[in-house]
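Written out below as structure tokens is the structure these notes cover.
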Amino acid sequence: MAGSAPDSLRRGVLGTGSLVFMVVAAAAPLTVMAGVAPLAIMIGGIGAPAGYLAAGLVLTVFAVAFTRMTRHVGSAGAFYAYIARGLGKAWGITAALLALMSYNTLQIGVYGLFAAQAKATLADVFGLDVPWPVIALAAVALVLLVAWLGIDVGAKVLGVLLVLESGILLLMAIGVLAHGGAAGIDAKSFTPGAVFGPGMGGVLAFSFAAFMGFESTVLYRREARNPERTIPRATYVAVGFMAIFYSFVVWAVIQAFGSGQVTGAAAADIGGLFFTAIGTYVGSWAATVMHLLVISSVYAAQLAFHNAITRYTHALAQDGFLPAWLGKVHPRFGSPYRASIVQTGLAAVVITVFAVTGADPYTKLLLWVNTPGVVGILVLQTLTAIATVGYFLRRNRAASTPVAVAAGIVSSVLLAVATYVLVDSVGLLTAASATVNVVLVSIVPATLVAGGAVAVRLRRRRPAIYARIGEGDGETQPAPEGIPA
């Protein structure tokens with residue numbers, strides 16, 4: 001790798017577009033829309049489109065402070081590096097463990113969705129009956145293969161898949177609007193009565209979950225071209241695109257069935273609402289294509305989350321928190337291949353355990369394993385927002401602006417409220433008993449406590465490593481600060 005150290009990731013291979021592909025693909029737009037939006041409509045009614053706009057607005061405010069701090073953080077460790085700089089090393093270590101738990105549970109759990117969707121599609125379209133564990137493990141291997149070949153290959157794959165899944169949703173929306181919907185086109189979804197109607201708290205829970213991974217632009221700092229410019233730009237583009245696109249597509253589906261009928265239609269056929277809409281307004285062939293693209297959408301999310309996890313692992317290894325051998329990169333492809341192997345092995349073990357116990361891939365592997373990750377990411381976002389305020393007011397006043405500080409304060413409050421709403425509505429995500437929900441949510445505070453204990457131990461026994469947390473590996477020097485971390 002010309003121009004890179006032996007343990008360095010490949011430099012300058014990702015532009016703004018590639019970063020956007022990585023981020024939006026992680027959110028899996030087609031899966032979020034076809035698989036989850038009908039439930040949001042059933043619970044929140046026709047006001048559901050506004051929920052996605054509201055979540056996007058909150059995250060945009062967060063991004064103002066988050067991206068302002070980017071140029072002063074040399075590490076590619078994303079959340080934990082920002083929290084370490086703003087709140088201190090102990091909180092940074094705690095956040096690092098929470099990030100590893102959250103991203104791994106998100107990525108591994110979604111293999112259940114991939115297996116369930118692929119199994120159903122193979123049976124319906126090709127008449128094949130393939131056991132779900134076989135499908136899931138095959139997906140694990142395919143994710144490893146593409147990740148192994150390097151981030152530039154992965155970005156190209158994600159770009160193609162993202163265009164296809166976004167295109168089929170746009171085709172459906174155009175078909176609905178071209179035919180005038182079921183009862184004419186209206187804007188009732190954005191009236192005060194719909195936006196503030198009962199059930200919108202649950203819609204917000206689904207809406208924030210639909211943006212999972214948007215912050216991962218900073219994880220690719222080492223591989224981005226001119227990161228001080230491309231990372232903020234990609235973050236804003238990704239959040240803005242998802243907010244507007246999600247809201248537009250959900251509104252179009254509401255028009256497909258009519259504002260007065262769509263809630264009942266969603267309740268009667270949650271899983272098939274989008275497929276019915278595109279089959280009616282575009283054609284049965286489009287419904288078949290959408291079924292196939294749902295599978296590729298989930299795969300794209302798996303690959304994007306895998307890349308995010310391995311970048312976290314690489315950054316922590318460079319900081320000395322994880323074993324140094326985990327930070328090694330492939331001599332030819334420049335990928336953190338050892339971190340990829342470890343993450344792949346963990347995914348294979350979890351899938352095997354669920355398969356052996358006879359667990360359902362959707363209701364157990366997906367919903368149960370994903371839930372701690374969704375809650376954990378929102379907690380990390382909240383802590384990061386708080387950390388930006390601490391950083392600008394206590395550690396580097398010269399870098400602060402009134403807008404950035406205000407954005408940090410406002411987003412801290414809004415994200416804390418969003419976290420509460422998500423936890424309060426967690427039963428909608430899991431469809432499980434109250435006891436199971438308590439256990440799943442408790443994994444997050446338990447991880448925080450464990451992280452705090454690790455931080456105390458590390459500070460006492462390995463102070464040099466403790467001091468390096470969030471500082472980066474020396475590849476990029478952060479801007480000078482007024483007060484040491």
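The chains in the structure tokens are called A, B, ... from first to last as shown; in each chain the residues are counted from 1, and the ligands are counted from 1 in the order shown.
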
Can you tell me which residues surround A:Ala96 at a distance of at most 12 Å, considering only C-alpha atoms, apart from same-chain residues fewer than 2 positions away, and format the answer as number ranges by chain? A: 77-84, 89-94, 98-103, 309, 311-317, 319, 321-322, 376-377, 380, 383-384, 447-448, 450-452, 454-455, 469-470

Based on the selection just made, write C-alpha atoms of those residues as a compact mmCIF listing (two decimals), in the first residue's frame.
```
# COMPACT_ATOMS: atom_id res chain seq x y z
CA GLY A 77 -12.88 5.74 16.94
CA ALA A 78 -16.11 7.67 16.39
CA PHE A 79 -18.34 7.82 19.46
CA TYR A 80 -15.85 6.62 22.05
CA ALA A 81 -13.13 9.02 20.86
CA TYR A 82 -15.50 12.00 21.00
CA ILE A 83 -16.78 11.02 24.42
CA ALA A 84 -13.21 10.50 25.71
CA LYS A 89 -11.06 8.78 29.40
CA ALA A 90 -13.24 6.74 31.75
CA TRP A 91 -16.37 7.66 29.85
CA GLY A 92 -14.52 7.00 26.58
CA ILE A 93 -13.65 3.46 27.63
CA THR A 94 -17.20 2.87 28.79
CA LEU A 98 -21.06 0.01 24.63
CA ALA A 99 -20.27 0.70 20.95
CA LEU A 100 -18.81 -2.78 20.44
CA MET A 101 -21.87 -4.35 22.07
CA SER A 102 -24.33 -2.18 20.15
CA TYR A 103 -22.88 -2.55 16.67
CA ILE A 309 -17.44 -2.79 13.72
CA ARG A 311 -13.09 0.09 12.20
CA TYR A 312 -14.03 0.42 15.87
CA THR A 313 -11.95 -2.66 16.63
CA HIS A 314 -9.02 -1.36 14.59
CA ALA A 315 -9.12 2.02 16.37
CA LEU A 316 -9.24 0.39 19.82
CA ALA A 317 -6.34 -1.88 18.92
CA ASP A 319 -5.14 2.86 21.06
CA PHE A 321 -7.14 -1.10 24.49
CA LEU A 322 -7.52 -4.29 22.42
CA GLY A 376 -27.24 1.41 22.95
CA ILE A 377 -26.70 3.53 19.85
CA LEU A 380 -24.11 6.69 22.66
CA LEU A 383 -23.46 10.88 25.47
CA THR A 384 -21.68 12.17 22.38
CA THR A 447 -22.45 -2.67 29.72
CA LEU A 448 -21.98 0.86 31.02
CA ALA A 450 -18.80 -3.02 33.13
CA GLY A 451 -17.11 -0.30 31.08
CA GLY A 452 -16.72 1.85 34.16
CA VAL A 454 -12.71 -1.68 33.15
CA ALA A 455 -11.80 2.01 33.07
CA ILE A 469 -7.85 6.22 24.67
CA GLY A 470 -9.43 8.39 22.02
```

Nearby residues (only C-alpha atoms) at most 7 Å from A:Pro38, same-chain spacing under 6 positions excluded, as a tab-separated table (two decimals) with all heavy atoms, in the first residue's frame:
```tsv
chain	number	residue	atom	x	y	z
A	266	ALA	N	-52.75	-1.67	6.85
A	266	ALA	CA	-51.48	-2.03	7.49
A	266	ALA	C	-51.70	-3.08	8.57
A	266	ALA	O	-50.93	-4.04	8.69
A	266	ALA	CB	-50.83	-0.79	8.10
A	270	ILE	N	-49.32	-6.40	7.56
A	270	ILE	CA	-48.13	-5.61	7.86
A	270	ILE	C	-46.99	-5.95	6.90
A	270	ILE	O	-46.35	-5.09	6.31
A	270	ILE	CB	-47.69	-5.83	9.32
A	270	ILE	CG1	-48.69	-5.21	10.28
A	270	ILE	CG2	-46.30	-5.23	9.55
A	270	ILE	CD1	-48.34	-5.39	11.73
A	273	LEU	N	-47.76	-4.87	2.92
A	273	LEU	CA	-48.33	-3.57	2.54
A	273	LEU	C	-47.60	-2.96	1.34
A	273	LEU	O	-48.23	-2.53	0.36
A	273	LEU	CB	-48.28	-2.61	3.73
A	273	LEU	CG	-49.11	-1.32	3.55
A	273	LEU	CD1	-50.60	-1.63	3.67
A	273	LEU	CD2	-48.70	-0.29	4.61
```

Residues near A:Thr344, anyone? I mean within 9 Å using only C-alpha atoms, not counting same-chain ones fewer than 2 positions away, as a PyMOL selection string. chain A and resi 140-141+143-144+306+339-342+346-349

So, with only C-alpha atoms as the atoms that count, which of A:Pro402, A:Gln381, A:Val218, A:Arg457 lies closest to A:His72?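 Checking each of A:Pro402, A:Gln381, A:Val218, A:Arg457 against A:His72, counting only C-alpha atoms, the winner is A:Val218.
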
So which one's closest to A:Phe354, A:Ala136, A:Leu169, A:Ala277, A:Leu292? Using only C-alpha atoms, please.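 Counting only C-alpha atoms, the residue closest to A:Phe354 is A:Ala136.
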
Which residue of A:Ala267, A:Ala407, A:Ala50, A:Ala40 approaches A:Thr67 most closely, using only C-alpha atoms: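 Smallest distance to A:Thr67 is found for A:Ala407.
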
Dump as a Markdown table the rows for residues of stretch 35-139 of chain A within 8 Å of stretch 222-238 of chain A: closest atom pair and distance in Å with one decimal, only C-alpha atoms counted, ordered by chain and rising residue number.
```
| residue | atom | partner | partner_atom | distance |
| --- | --- | --- | --- | --- |
| A:Thr60 | CA | A:Tyr236 | CA | 6.8 |
| A:Ala63 | CA | A:Tyr236 | CA | 7.2 |
| A:Thr67 | CA | A:Pro232 | CA | 5.2 |
| A:Arg68 | CA | A:Pro232 | CA | 7.9 |
| A:Thr70 | CA | A:Glu228 | CA | 6.9 |
| A:Arg71 | CA | A:Glu228 | CA | 5.4 |
| A:Ala76 | CA | A:Arg222 | CA | 6.7 |
```

Selection file, all heavy atoms, as a compact mmCIF listing (two decimals), in the first residue's frame:
```txt
# COMPACT_ATOMS: atom_id res chain seq x y z
N THR A 60 -29.95 16.01 12.70
CA THR A 60 -29.26 17.09 12.01
C THR A 60 -28.70 18.10 13.00
O THR A 60 -27.56 18.57 12.87
CB THR A 60 -30.20 17.81 11.02
OG1 THR A 60 -30.65 16.87 10.03
CG2 THR A 60 -29.50 18.96 10.31
N ALA A 63 -25.74 16.60 14.46
CA ALA A 63 -24.63 16.59 13.51
C ALA A 63 -23.90 17.93 13.47
O ALA A 63 -22.70 17.97 13.17
CB ALA A 63 -25.14 16.23 12.12
N THR A 67 -20.08 17.20 13.89
CA THR A 67 -19.14 17.43 12.79
C THR A 67 -18.22 18.61 13.06
O THR A 67 -17.10 18.65 12.55
CB THR A 67 -19.90 17.65 11.46
OG1 THR A 67 -20.80 18.76 11.60
CG2 THR A 67 -20.69 16.42 11.07
N ARG A 68 -18.66 19.57 13.86
CA ARG A 68 -17.78 20.67 14.24
C ARG A 68 -16.59 20.15 15.03
O ARG A 68 -15.46 20.64 14.89
CB ARG A 68 -18.55 21.70 15.08
CG ARG A 68 -17.71 22.83 15.64
CD ARG A 68 -17.22 23.77 14.56
NE ARG A 68 -16.34 24.81 15.09
CZ ARG A 68 -15.73 25.70 14.34
NH1 ARG A 68 -15.92 25.72 13.03
NH2 ARG A 68 -14.94 26.62 14.89
N THR A 70 -15.31 17.18 14.70
CA THR A 70 -14.58 16.18 13.92
C THR A 70 -13.15 16.58 13.62
O THR A 70 -12.22 15.78 13.74
CB THR A 70 -15.33 15.92 12.59
OG1 THR A 70 -16.59 15.32 12.87
CG2 THR A 70 -14.54 14.98 11.69
N ARG A 71 -12.95 17.84 13.26
CA ARG A 71 -11.61 18.29 12.84
C ARG A 71 -10.62 18.30 13.99
O ARG A 71 -9.40 18.40 13.77
CB ARG A 71 -11.70 19.67 12.22
CG ARG A 71 -12.04 20.78 13.21
CD ARG A 71 -12.37 22.09 12.52
NE ARG A 71 -13.63 21.98 11.80
CZ ARG A 71 -14.18 22.99 11.11
NH1 ARG A 71 -13.54 24.14 11.03
NH2 ARG A 71 -15.32 22.85 10.50
N ALA A 76 -9.99 7.63 14.72
CA ALA A 76 -11.12 7.19 13.90
C ALA A 76 -12.08 6.36 14.73
O ALA A 76 -12.84 5.56 14.19
CB ALA A 76 -10.61 6.38 12.71
```

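With only C-alpha atoms as the basis for measurement, A:Pro361 is the residue among A:Gly181, A:Gly320, A:Gly373, A:Pro361 that approaches A:Ala118 most closely.
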
Just list as an MDAnalysis selection string whatever in stretch 142-217 of chain A DSSP marks as helix (DSSP H, G or I). chainID A and resid 142:148 151:178 188:190 192:195 200:209 214:217
